[in-house]
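Enquirer: Got a structure for you, written out below as structure tokens; questions coming shortly.
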2 protein chains.
Amino acid sequence: MQRGTMALSRYPFGLIARRLGGATPLPKADERAILGLPLIIRTIEASRDIVYEVGQSDHCCVILDGWTYCYQLLTDGRRQILSFHVPGDLPDLQSLHLPSPDFGMATATRATVAFVPHADLRKLSDRYPAVAQAFWREILVTAATHRAWITSLGRRDAREKLAHLFCEMYLRLKAVGLTDGYSMPMPLRQPDFADALGLTPVHVNRTLRSLRVERLVDLRGRRLMIHDWETLCAIADFNPKYLHLPE
Amino acid sequence: MQRGTMALSRYPFGLIARRLGGATPLPKADERAILGLPLIIRTIEASRDIVYEVGQSDHCCVILDGWTYCYQLLTDGRRQILSFHVPGDLPDLQSLHLPSPDFGMATATRATVAFVPHADLRKLSDRYPAVAQAFWREILVTAATHRAWITSLGRRDAREKLAHLFCEMYLRLKAVGLTDGYSMPMPLRQPDFADALGLTPVHVNRTLRSLRVERLVDLRGRRLMIHDWETLCAIADFNPKYLHLPE
DNA sequence: CGCAAACTTGATGGCCGTCAAGCAAAGTGG
DNA sequence: CCACTTTGCTTGACGGCCATCAAGTTTGCG
């Protein structure tokens with residue numbers, strides 16, 4: 001475990017300050033304040049619950065490297081993934097204002113995560129209104145993404161659901177500079193897709209094959225190649241507005 | 001159309017102040033400030049879009065009477081309902097902080113709605129921190145409800161979905177005093193259930209019948225009678241925590 | 001009162017789940 | 001570093017939940 005800001009150069013933490021600004025960049029002073037936050041940085045193995053041993057959940061977490069997800073379980077063991085998170089994301093900002101979270105968090109890959117004390121985040125947002133605004137914006141975009149998932153789960157078939165998820169993750173990764181043309185990292189396993197889209201792994205497999213056969217996408221070696229972005233968007237009926245990305 | 005606060009005695013507006021407080025009631029001064037908000041009150045027919053003719057969407061709305069819902073459409077016309085709203089709800093508080101909404105709003109029944117200018121809400125929440133806190137709490141509970149719906153849509157079958165929706169609406173109506181024992185108003189039509197739960201009206205009909213035959217619930221004359229709350233909760237795997245209701 | 005929408009039920013079909021088996025990949029421990 | 005085990009991938013066979021189509025009845029709005 002590392003403490004303090006020394007190690008930050010190895011992680012895209014400046015990115016977070018930039019991303020929070022969205023279309024309207026944060027003032028320099030606000031960015032500096034963000035970079036000065038005290039952090040506890042941890043690297044967690046793949047497929048582990050992200051437990052808040054640091055204090056009892058009085059921290060928010062920032063994804064620095066790897067993928068994580070939020071999920072809920074039914075008592076009989078059925079799992080539903082609620083959202084995926086990539087570097088630069090703040091998956092549980094809401095814990096600042098609403099105690100007793102209603103979901104769990106886990107790593108999809110080995111991931112490096114920074115924990116920031118609630119107290120420091122509150123001080124920060126009290127002092128820098130633009131930061132407070134940015135935090136809330138982040139929470140509202142999460143809610144908008146939830147709505148997009150509700151519509152996907154309720155009214156799209158398997159093929160359309162997969163296409164929609166690919167479109168969303170492509171733009172989010174592109175926004176943080178993790179794409180390479182139309183190629184992107186895609187470390188999720190077929191059971192992860194299944195639990196996110198309300199399907200079974202077997203059916204995810206068949207649906208992926210059909211997308212591959214039609215030369216729309218290619219998922220190999222933990223990378224996704226999008227061969228036909230326009231058609232993929234059309235199949236998904238994808239409208240990126242809800243992500244509120246700049247440009 | 002009515003203006004000002006005169007008409008408020010006819011509507012459960014004090015309720016909203018109380019509901020916003022949640023488990024910890026708002027200070028009296030804050031409640032008075034809420035009751036002093038300028039309002040435009042409208043009664044809208046059933047099955048109409050709630051359009052913001054008042055200015056261009058620089059208002060939030062408060063449901064005073066009747067039921068409304070938020071929805072998204074796919075370009076081919078498929079509809080997904082994202083949430084239902086009952087008296088006391090503030091369905092679009094998020095518009096205060098995030099322009100360009102990603103969903104539409106419509107009435108499920110004839111409904112009376114109050115519109116409050118963003119500017120006044122902002123003044124209010126700047127001046128009364130407890131109100132600001134309450135507004136954000138409201139938004140976060142909406143997000144938590146979205147998550148519960150994601151899990152329902154992804155991992156519950158038709159019968160469980162219906163049971164879960166009934167449990168949620170029962171507790172929400174009970175919290176605003178609109179239930180009568182285990183009986184409650186339920187003005188939604190079968191096509192509304194279908195679009196909320198990712199089903200077809202035909203299948204909703206069959207599923208309702210099976211719940212009725214088993215004497216779990218009875219839906220007649222726009223009212224829902226819950227005969228066996230415990231079993232209904234068990235079928236739905238219902239955990240009310242996400243609603244963050246008092247008590 | 002008339003027409004549109006909702007409700008109800010039956011028949012049929014398809015998307016996706018379940019079960020199963022073989023194989024590949026990746027993580028674990030000696 | 002290799003045996004071992006777990007997890008994931010792939011494909012086939014089969015079944016079930018839910019969609020679609022259709023037609024008759026009822027409700028309710030204008």
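We label chains A, B, ... in the order they appear in the structure tokens, count residues from 1 in each chain, and number ligands from 1 in the order shown.
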Up to 12 Å from chain A, what residues of chain C turn up? Count only C-alpha atoms (C1' of nucleotides) and give them as a compact mmCIF listing (two decimals) with N, CA and C atoms (P, O5', C5', C4', C3', O3' and C1' of nucleotides), in the first residue's frame.

Expert:
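Saved as out-v8.txt:
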# COMPACT_ATOMS: atom_id res chain seq x y z
P DC C 15 -36.24 -15.48 -32.78
O5' DC C 15 -35.64 -14.73 -31.51
C5' DC C 15 -36.47 -13.90 -30.73
C4' DC C 15 -36.21 -14.15 -29.26
C3' DC C 15 -34.74 -14.19 -28.87
O3' DC C 15 -34.58 -13.34 -27.76
C1' DC C 15 -35.83 -16.15 -28.09
P DC C 16 -33.10 -12.90 -27.26
O5' DC C 16 -32.88 -13.92 -26.07
C5' DC C 16 -33.82 -13.94 -25.00
C4' DC C 16 -33.67 -15.22 -24.24
C3' DC C 16 -32.27 -15.55 -23.72
O3' DC C 16 -32.32 -15.58 -22.32
C1' DC C 16 -33.34 -17.45 -24.63
P DG C 17 -31.17 -16.03 -21.37
O5' DG C 17 -31.72 -17.38 -20.74
C5' DG C 17 -33.00 -17.39 -20.14
C4' DG C 17 -33.30 -18.74 -19.53
C3' DG C 17 -32.20 -19.32 -18.66
O3' DG C 17 -32.78 -20.01 -17.56
C1' DG C 17 -32.55 -20.74 -20.54
P DT C 18 -31.88 -20.68 -16.43
O5' DT C 18 -31.75 -22.20 -16.88
C5' DT C 18 -32.94 -22.96 -17.07
C4' DT C 18 -32.58 -24.37 -17.48
C3' DT C 18 -31.42 -25.00 -16.71
O3' DT C 18 -31.86 -26.28 -16.26
C1' DT C 18 -31.07 -25.24 -19.03
P DC C 19 -30.99 -27.11 -15.19
O5' DC C 19 -30.28 -28.20 -16.11
C5' DC C 19 -31.09 -28.94 -17.03
C4' DC C 19 -30.21 -29.78 -17.93
C3' DC C 19 -28.94 -30.34 -17.26
O3' DC C 19 -28.86 -31.73 -17.53
C1' DC C 19 -28.40 -29.29 -19.30
P DA C 25 -6.19 -21.50 -25.51
O5' DA C 25 -6.39 -20.76 -24.12
C5' DA C 25 -7.60 -20.07 -23.86
C4' DA C 25 -7.65 -19.64 -22.41
C3' DA C 25 -6.33 -19.09 -21.86
O3' DA C 25 -6.62 -17.90 -21.14
C1' DA C 25 -7.13 -20.81 -20.46
P DA C 26 -5.50 -16.89 -20.74
O5' DA C 26 -5.70 -16.78 -19.17
C5' DA C 26 -7.00 -16.96 -18.62
C4' DA C 26 -6.89 -17.42 -17.18
C3' DA C 26 -5.63 -16.91 -16.46
O3' DA C 26 -5.97 -16.55 -15.15
C1' DA C 26 -5.79 -19.22 -16.25
P DG C 27 -5.26 -15.42 -14.40
O5' DG C 27 -5.41 -15.86 -12.88
C5' DG C 27 -6.66 -16.41 -12.44
C4' DG C 27 -6.43 -17.59 -11.53
C3' DG C 27 -5.37 -17.34 -10.43
O3' DG C 27 -5.95 -17.70 -9.19
C1' DG C 27 -4.98 -19.40 -11.52

Enquirer: Residues of chain A within 12 Å of chain D, counting only C-alpha atoms (C1' of nucleotides) - could you list those as number ranges by chain?

Expert: A: 47, 157, 188-192, 201-206, 208-209, 220

Enquirer: Restrict the calculation to only C-alpha atoms, then for each residue of chain B with any atom at most 10 Å from an atom of chain A give the closest atom pair and their distance in Å to one decimal, rows by chain and rising residue number, as a tab-separated table.

Expert:
residue	atom	partner	partner_atom	distance
B:Cys70	CA	A:Arg147	CA	9.9
B:Tyr71	CA	A:Thr151	CA	8.6
B:Gln72	CA	A:Thr151	CA	7.0
B:Leu73	CA	A:Thr151	CA	8.3
B:Leu74	CA	A:Asp237	CA	6.8
B:Thr75	CA	A:Asp237	CA	7.0
B:Asp76	CA	A:Asp237	CA	9.0
B:Arg78	CA	A:Arg155	CA	6.7
B:Arg79	CA	A:Arg155	CA	7.2
B:Gln80	CA	A:Thr151	CA	5.5
B:Ile81	CA	A:Thr151	CA	7.8
B:Leu82	CA	A:Arg147	CA	6.6
B:Ser83	CA	A:Arg147	CA	9.4
B:Gln94	CA	A:Leu140	CA	6.9
B:Ser95	CA	A:Leu140	CA	9.4
B:His97	CA	A:Arg137	CA	6.9
B:Leu98	CA	A:Arg137	CA	6.7
B:Pro99	CA	A:His244	CA	9.9
B:Ser100	CA	A:Lys241	CA	8.6
B:Pro101	CA	A:Tyr242	CA	8.3
B:Asp102	CA	A:Tyr242	CA	6.0
B:Phe103	CA	A:Arg147	CA	8.4
B:Gln133	CA	A:His97	CA	8.0
B:Ala134	CA	A:His97	CA	9.8
B:Trp136	CA	A:His97	CA	7.6
B:Arg137	CA	A:Leu98	CA	6.7
B:Glu138	CA	A:Leu98	CA	9.9
B:Ile139	CA	A:Leu140	CA	8.2
B:Leu140	CA	A:Gln94	CA	6.9
B:Val141	CA	A:Leu98	CA	8.4
B:Thr142	CA	A:Ala143	CA	8.1
B:Ala143	CA	A:Ala143	CA	5.3
B:Ala144	CA	A:Asp102	CA	6.9
B:Thr145	CA	A:Asp102	CA	9.6
B:His146	CA	A:His146	CA	6.2
B:Arg147	CA	A:Leu82	CA	6.6
B:Ala148	CA	A:Gln72	CA	8.4
B:Trp149	CA	A:Ile150	CA	7.0
B:Ile150	CA	A:Ile150	CA	5.4
B:Thr151	CA	A:Gln80	CA	5.5
B:Ser152	CA	A:Gln80	CA	8.7
B:Leu153	CA	A:Leu153	CA	5.9
B:Gly154	CA	A:Gly198	CA	4.0
B:Arg155	CA	A:Gly198	CA	5.8
B:Arg156	CA	A:Arg78	CA	8.9
B:Ala194	CA	A:Gly154	CA	9.4
B:Asp195	CA	A:Gly154	CA	7.7
B:Ala196	CA	A:Gly154	CA	7.6
B:Leu197	CA	A:Gly154	CA	6.5
B:Gly198	CA	A:Gly154	CA	4.0
B:Leu199	CA	A:Gly154	CA	7.6
B:Ala234	CA	A:Thr75	CA	10.0
B:Ala236	CA	A:Leu74	CA	9.5
B:Asp237	CA	A:Leu74	CA	6.7
B:Phe238	CA	A:Leu74	CA	9.1
B:Asn239	CA	A:Asp102	CA	9.7
B:Lys241	CA	A:Asp102	CA	7.4
B:Tyr242	CA	A:Asp102	CA	6.1
B:Leu243	CA	A:Asp102	CA	9.8
B:His244	CA	A:Leu98	CA	9.2

Enquirer: Those selected residues, please, written with C-alpha atoms and delivered as a PDB file, in the first residue's frame.

Expert:
ATOM      1  CA  CYS B  70     -40.710   8.879 -16.625  1.00  0.00           C
ATOM      2  CA  TYR B  71     -39.923   7.002 -19.826  1.00  0.00           C
ATOM      3  CA  GLN B  72     -37.556   6.551 -22.743  1.00  0.00           C
ATOM      4  CA  LEU B  73     -38.447   5.593 -26.309  1.00  0.00           C
ATOM      5  CA  LEU B  74     -36.481   3.618 -28.862  1.00  0.00           C
ATOM      6  CA  THR B  75     -36.693   4.984 -32.383  1.00  0.00           C
ATOM      7  CA  ASP B  76     -38.905   2.105 -33.483  1.00  0.00           C
ATOM      8  CA  ARG B  78     -40.672   0.593 -28.064  1.00  0.00           C
ATOM      9  CA  ARG B  79     -41.263   2.309 -24.730  1.00  0.00           C
ATOM     10  CA  GLN B  80     -39.573   1.733 -21.372  1.00  0.00           C
ATOM     11  CA  ILE B  81     -40.971   3.253 -18.213  1.00  0.00           C
ATOM     12  CA  LEU B  82     -38.161   4.252 -15.849  1.00  0.00           C
ATOM     13  CA  SER B  83     -40.081   5.172 -12.706  1.00  0.00           C
ATOM     14  CA  GLN B  94     -31.916  16.468 -11.417  1.00  0.00           C
ATOM     15  CA  SER B  95     -32.804  19.078 -14.058  1.00  0.00           C
ATOM     16  CA  HIS B  97     -28.009  20.488 -12.132  1.00  0.00           C
ATOM     17  CA  LEU B  98     -27.962  18.654 -15.447  1.00  0.00           C
ATOM     18  CA  PRO B  99     -29.459  20.329 -18.500  1.00  0.00           C
ATOM     19  CA  SER B 100     -30.924  18.372 -21.433  1.00  0.00           C
ATOM     20  CA  PRO B 101     -32.945  15.628 -19.764  1.00  0.00           C
ATOM     21  CA  ASP B 102     -32.504  12.115 -21.116  1.00  0.00           C
ATOM     22  CA  PHE B 103     -36.127  11.054 -20.553  1.00  0.00           C
ATOM     23  CA  GLN B 133     -29.135  18.147   1.635  1.00  0.00           C
ATOM     24  CA  ALA B 134     -32.718  16.929   1.312  1.00  0.00           C
ATOM     25  CA  TRP B 136     -29.673  15.609  -2.964  1.00  0.00           C
ATOM     26  CA  ARG B 137     -30.960  12.827  -0.798  1.00  0.00           C
ATOM     27  CA  GLU B 138     -34.037  12.729  -2.997  1.00  0.00           C
ATOM     28  CA  ILE B 139     -31.883  12.429  -6.122  1.00  0.00           C
ATOM     29  CA  LEU B 140     -29.792   9.660  -4.590  1.00  0.00           C
ATOM     30  CA  VAL B 141     -32.876   7.692  -3.581  1.00  0.00           C
ATOM     31  CA  THR B 142     -34.040   7.970  -7.175  1.00  0.00           C
ATOM     32  CA  ALA B 143     -30.707   6.501  -8.295  1.00  0.00           C
ATOM     33  CA  ALA B 144     -31.027   3.688  -5.748  1.00  0.00           C
ATOM     34  CA  THR B 145     -34.504   2.969  -7.069  1.00  0.00           C
ATOM     35  CA  HIS B 146     -33.093   2.829 -10.586  1.00  0.00           C
ATOM     36  CA  ARG B 147     -30.646   0.195  -9.383  1.00  0.00           C
ATOM     37  CA  ALA B 148     -33.435  -1.869  -7.859  1.00  0.00           C
ATOM     38  CA  TRP B 149     -35.267  -1.726 -11.200  1.00  0.00           C
ATOM     39  CA  ILE B 150     -32.135  -2.786 -13.093  1.00  0.00           C
ATOM     40  CA  THR B 151     -31.917  -5.882 -10.923  1.00  0.00           C
ATOM     41  CA  SER B 152     -35.625  -6.580 -11.366  1.00  0.00           C
ATOM     42  CA  LEU B 153     -35.446  -6.243 -15.134  1.00  0.00           C
ATOM     43  CA  GLY B 154     -32.281  -8.282 -15.448  1.00  0.00           C
ATOM     44  CA  ARG B 155     -32.782 -11.086 -12.986  1.00  0.00           C
ATOM     45  CA  ARG B 156     -36.415 -11.544 -12.015  1.00  0.00           C
ATOM     46  CA  ALA B 194     -45.727  -4.104 -19.357  1.00  0.00           C
ATOM     47  CA  ASP B 195     -43.593  -1.108 -20.313  1.00  0.00           C
ATOM     48  CA  ALA B 196     -42.199  -0.805 -16.793  1.00  0.00           C
ATOM     49  CA  LEU B 197     -41.315  -4.476 -16.415  1.00  0.00           C
ATOM     50  CA  GLY B 198     -40.099  -5.317 -19.910  1.00  0.00           C
ATOM     51  CA  LEU B 199     -43.085  -7.518 -20.734  1.00  0.00           C
ATOM     52  CA  ALA B 234     -40.681 -13.375  -0.356  1.00  0.00           C
ATOM     53  CA  ALA B 236     -40.109 -10.522  -4.937  1.00  0.00           C
ATOM     54  CA  ASP B 237     -37.044 -10.961  -2.718  1.00  0.00           C
ATOM     55  CA  PHE B 238     -37.965  -7.456  -1.648  1.00  0.00           C
ATOM     56  CA  ASN B 239     -35.639  -5.416   0.545  1.00  0.00           C
ATOM     57  CA  LYS B 241     -33.753  -0.435   2.310  1.00  0.00           C
ATOM     58  CA  TYR B 242     -33.200   1.274  -1.034  1.00  0.00           C
ATOM     59  CA  LEU B 243     -36.284   3.443  -0.566  1.00  0.00           C
ATOM     60  CA  HIS B 244     -34.765   5.046   2.549  1.00  0.00           C
TER      61      HIS B 244
END

Enquirer: Could you list, as a PDB file with all heavy atoms, in the first residue's frame, every residue within 7 Å of Val116 (chain A), counting only C-alpha atoms (C1' of nucleotides) and ignoring same-chain residues fewer than 5 positions away?

Expert:
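Produced file part.pdb, reproduced below:
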ATOM      1  N   PRO A  38      -5.464  13.543   0.091  1.00  0.00           N
ATOM      2  CA  PRO A  38      -4.774  12.393   0.675  1.00  0.00           C
ATOM      3  C   PRO A  38      -5.397  11.106   0.143  1.00  0.00           C
ATOM      4  O   PRO A  38      -6.618  11.002   0.047  1.00  0.00           O
ATOM      5  CB  PRO A  38      -5.042  12.537   2.172  1.00  0.00           C
ATOM      6  CG  PRO A  38      -6.307  13.306   2.251  1.00  0.00           C
ATOM      7  CD  PRO A  38      -6.322  14.227   1.047  1.00  0.00           C
ATOM      8  N   LEU A  39      -4.554  10.156  -0.198  1.00  0.00           N
ATOM      9  CA  LEU A  39      -5.044   8.930  -0.835  1.00  0.00           C
ATOM     10  C   LEU A  39      -4.478   7.707  -0.153  1.00  0.00           C
ATOM     11  O   LEU A  39      -3.367   7.731   0.370  1.00  0.00           O
ATOM     12  CB  LEU A  39      -4.587   8.879  -2.298  1.00  0.00           C
ATOM     13  CG  LEU A  39      -4.979  10.018  -3.212  1.00  0.00           C
ATOM     14  CD1 LEU A  39      -4.297   9.830  -4.552  1.00  0.00           C
ATOM     15  CD2 LEU A  39      -6.472  10.056  -3.362  1.00  0.00           C
ATOM     16  N   ILE A  40      -5.242   6.653  -0.181  1.00  0.00           N
ATOM     17  CA  ILE A  40      -4.700   5.344   0.125  1.00  0.00           C
ATOM     18  C   ILE A  40      -4.853   4.526  -1.139  1.00  0.00           C
ATOM     19  O   ILE A  40      -5.975   4.355  -1.630  1.00  0.00           O
ATOM     20  CB  ILE A  40      -5.452   4.684   1.291  1.00  0.00           C
ATOM     21  CG1 ILE A  40      -5.243   5.527   2.544  1.00  0.00           C
ATOM     22  CG2 ILE A  40      -4.973   3.269   1.504  1.00  0.00           C
ATOM     23  CD1 ILE A  40      -6.151   5.131   3.677  1.00  0.00           C
ATOM     24  N   HIS A  59     -14.908   6.253   3.060  1.00  0.00           N
ATOM     25  CA  HIS A  59     -14.073   6.700   1.949  1.00  0.00           C
ATOM     26  C   HIS A  59     -14.848   6.573   0.644  1.00  0.00           C
ATOM     27  O   HIS A  59     -15.761   5.771   0.549  1.00  0.00           O
ATOM     28  CB  HIS A  59     -12.816   5.826   1.831  1.00  0.00           C
ATOM     29  CG  HIS A  59     -11.833   6.049   2.930  1.00  0.00           C
ATOM     30  ND1 HIS A  59     -12.121   5.811   4.252  1.00  0.00           N
ATOM     31  CD2 HIS A  59     -10.544   6.483   2.904  1.00  0.00           C
ATOM     32  CE1 HIS A  59     -11.064   6.093   4.991  1.00  0.00           C
ATOM     33  NE2 HIS A  59     -10.092   6.491   4.202  1.00  0.00           N
ATOM     34  N   CYS A  60     -14.445   7.369  -0.349  1.00  0.00           N
ATOM     35  CA  CYS A  60     -14.896   7.124  -1.709  1.00  0.00           C
ATOM     36  C   CYS A  60     -13.743   6.500  -2.466  1.00  0.00           C
ATOM     37  O   CYS A  60     -12.579   6.659  -2.090  1.00  0.00           O
ATOM     38  CB  CYS A  60     -15.284   8.431  -2.407  1.00  0.00           C
ATOM     39  SG  CYS A  60     -16.870   9.084  -1.865  1.00  0.00           S
ATOM     40  N   CYS A  61     -14.028   5.794  -3.526  1.00  0.00           N
ATOM     41  CA  CYS A  61     -12.917   5.237  -4.276  1.00  0.00           C
ATOM     42  C   CYS A  61     -12.851   5.758  -5.699  1.00  0.00           C
ATOM     43  O   CYS A  61     -13.855   6.180  -6.281  1.00  0.00           O
ATOM     44  CB  CYS A  61     -12.916   3.709  -4.203  1.00  0.00           C
ATOM     45  SG  CYS A  61     -14.153   2.919  -5.190  1.00  0.00           S
TER      46      CYS A  61
END

Enquirer: Using DSSP assignments from the backbone, pull out every residue in region 13-245 of chain B that falls under strand (DSSP E) and give it to me as number ranges by chain.

Expert: B: 40-44, 59-65, 68-73, 79-85, 104-107, 111-117, 183-185, 217-220, 223-226

Enquirer: Please produce an output containing C-alpha atoms for each residue in the selection, written as a short mmCIF file (atom, residue, chain, number, x, y, z; two decimals), in the first residue's frame.

Expert:
data_model
loop_
_atom_site.label_atom_id
_atom_site.label_comp_id
_atom_site.auth_asym_id
_atom_site.auth_seq_id
_atom_site.Cartn_x
_atom_site.Cartn_y
_atom_site.Cartn_z
CA ILE B 40 -47.57 27.24 -11.06
CA ILE B 41 -50.17 24.57 -10.56
CA ARG B 42 -51.70 22.64 -13.42
CA THR B 43 -54.05 19.77 -13.78
CA ILE B 44 -53.20 17.55 -16.74
CA HIS B 59 -38.72 24.44 -13.71
CA CYS B 60 -38.86 21.36 -11.54
CA CYS B 61 -42.16 19.67 -10.96
CA VAL B 62 -43.87 18.33 -7.87
CA ILE B 63 -46.66 15.78 -8.07
CA LEU B 64 -49.60 16.97 -5.99
CA ASP B 65 -52.23 14.51 -7.11
CA THR B 68 -46.99 10.13 -13.44
CA TYR B 69 -44.07 8.27 -14.92
CA CYS B 70 -40.71 8.88 -16.62
CA TYR B 71 -39.92 7.00 -19.83
CA GLN B 72 -37.56 6.55 -22.74
CA LEU B 73 -38.45 5.59 -26.31
CA ARG B 79 -41.26 2.31 -24.73
CA GLN B 80 -39.57 1.73 -21.37
CA ILE B 81 -40.97 3.25 -18.21
CA LEU B 82 -38.16 4.25 -15.85
CA SER B 83 -40.08 5.17 -12.71
CA PHE B 84 -43.53 5.92 -11.38
CA HIS B 85 -44.32 9.01 -9.36
CA GLY B 104 -39.70 12.17 -20.98
CA MET B 105 -42.42 12.55 -18.39
CA ALA B 106 -46.08 11.75 -18.76
CA THR B 107 -49.22 11.38 -16.71
CA ALA B 111 -52.68 14.58 -12.36
CA THR B 112 -52.14 17.88 -10.62
CA VAL B 113 -48.57 19.09 -10.84
CA ALA B 114 -46.80 22.11 -9.41
CA PHE B 115 -43.97 23.73 -11.33
CA VAL B 116 -41.28 25.56 -9.36
CA PRO B 117 -38.68 27.78 -11.08
CA SER B 183 -55.33 -1.74 0.07
CA MET B 184 -54.01 1.01 -2.17
CA PRO B 185 -54.90 2.97 -5.30
CA VAL B 217 -53.16 -9.84 -4.48
CA ASP B 218 -56.33 -8.62 -6.09
CA LEU B 219 -56.33 -5.83 -8.66
CA ARG B 220 -59.82 -4.54 -9.37
CA ARG B 223 -57.26 -0.56 -6.49
CA LEU B 224 -54.77 -3.18 -5.41
CA MET B 225 -55.49 -5.33 -2.39
CA ILE B 226 -52.51 -7.20 -0.97
#

Enquirer: Taking the chain letters and numbering used in this document, name the residues of region 183-245 of chain A that DSSP puts in alpha helix (DSSP H), as an NGL selection string.

Expert: :A and (190-197 or 201-213 or 229-236)

Enquirer: Just to confirm, what's the straight-line distance from CA of His164 (chain A) to C1' of DG14 (chain C) in Å (one decimal)?

Expert: 22.4 Å

Enquirer: In Å to one decimal, how far is CA of Tyr52 (chain A) from CA of Leu165 (chain A)?

Expert: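 Between CA of Leu165 (chain A) and CA of Tyr52 (chain A) the gap is 28.4 Å.
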
Enquirer: What is the CA of Glu168 (chain A) to CA of Asp92 (chain A) distance in Å?

Expert: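 Separating CA of Glu168 (chain A) from CA of Asp92 (chain A) is a distance of 19.3 Å.
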
Enquirer: Using only C-alpha atoms (C1' of nucleotides), which protein or nucleic acid residues come within 10 Å of Ile235 (chain A)? Drop anything in the same chain fewer than 4 positions from it, and give the result as a list in words.

Expert: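 Here the answer would be Arg156, Arg159, Glu160, Lys161, Leu162, Ala163, His164, Trp229, Glu230 and Thr231 of chain A.
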
Enquirer: Hey, can you spit out that residue selection with N, CA, C and O atoms as a PDB file, in the first residue's frame?

Expert:
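Once everything was written out, this is result-v8.pdb:
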ATOM      1  N   ARG A 156     -34.571  -4.156 -25.105  1.00  0.00           N
ATOM      2  CA  ARG A 156     -33.703  -4.577 -26.207  1.00  0.00           C
ATOM      3  C   ARG A 156     -33.495  -6.079 -26.148  1.00  0.00           C
ATOM      4  O   ARG A 156     -33.480  -6.662 -25.061  1.00  0.00           O
ATOM      5  N   ARG A 159     -28.851  -9.217 -28.797  1.00  0.00           N
ATOM      6  CA  ARG A 159     -27.959  -8.611 -29.767  1.00  0.00           C
ATOM      7  C   ARG A 159     -27.887  -7.095 -29.570  1.00  0.00           C
ATOM      8  O   ARG A 159     -26.805  -6.508 -29.560  1.00  0.00           O
ATOM      9  N   GLU A 160     -29.029  -6.471 -29.381  1.00  0.00           N
ATOM     10  CA  GLU A 160     -29.071  -5.022 -29.194  1.00  0.00           C
ATOM     11  C   GLU A 160     -28.437  -4.617 -27.861  1.00  0.00           C
ATOM     12  O   GLU A 160     -27.754  -3.585 -27.768  1.00  0.00           O
ATOM     13  N   LYS A 161     -28.643  -5.434 -26.852  1.00  0.00           N
ATOM     14  CA  LYS A 161     -28.045  -5.143 -25.550  1.00  0.00           C
ATOM     15  C   LYS A 161     -26.520  -5.152 -25.629  1.00  0.00           C
ATOM     16  O   LYS A 161     -25.842  -4.253 -25.126  1.00  0.00           O
ATOM     17  N   LEU A 162     -25.975  -6.181 -26.239  1.00  0.00           N
ATOM     18  CA  LEU A 162     -24.519  -6.269 -26.363  1.00  0.00           C
ATOM     19  C   LEU A 162     -23.981  -5.083 -27.161  1.00  0.00           C
ATOM     20  O   LEU A 162     -22.995  -4.455 -26.767  1.00  0.00           O
ATOM     21  N   ALA A 163     -24.653  -4.779 -28.272  1.00  0.00           N
ATOM     22  CA  ALA A 163     -24.210  -3.658 -29.098  1.00  0.00           C
ATOM     23  C   ALA A 163     -24.221  -2.366 -28.281  1.00  0.00           C
ATOM     24  O   ALA A 163     -23.279  -1.561 -28.340  1.00  0.00           O
ATOM     25  N   HIS A 164     -25.263  -2.189 -27.480  1.00  0.00           N
ATOM     26  CA  HIS A 164     -25.378  -0.956 -26.700  1.00  0.00           C
ATOM     27  C   HIS A 164     -24.256  -0.860 -25.660  1.00  0.00           C
ATOM     28  O   HIS A 164     -23.641   0.193 -25.473  1.00  0.00           O
ATOM     29  N   TRP A 229     -18.694   0.828 -36.730  1.00  0.00           N
ATOM     30  CA  TRP A 229     -19.264   1.637 -35.662  1.00  0.00           C
ATOM     31  C   TRP A 229     -20.673   2.108 -35.989  1.00  0.00           C
ATOM     32  O   TRP A 229     -21.584   2.042 -35.140  1.00  0.00           O
ATOM     33  N   GLU A 230     -20.875   2.548 -37.207  1.00  0.00           N
ATOM     34  CA  GLU A 230     -22.184   3.083 -37.590  1.00  0.00           C
ATOM     35  C   GLU A 230     -23.279   2.032 -37.443  1.00  0.00           C
ATOM     36  O   GLU A 230     -24.328   2.281 -36.852  1.00  0.00           O
ATOM     37  N   THR A 231     -23.006   0.852 -37.983  1.00  0.00           N
ATOM     38  CA  THR A 231     -24.016  -0.206 -37.911  1.00  0.00           C
ATOM     39  C   THR A 231     -24.242  -0.650 -36.476  1.00  0.00           C
ATOM     40  O   THR A 231     -25.378  -0.921 -36.064  1.00  0.00           O
TER      41      THR A 231
END
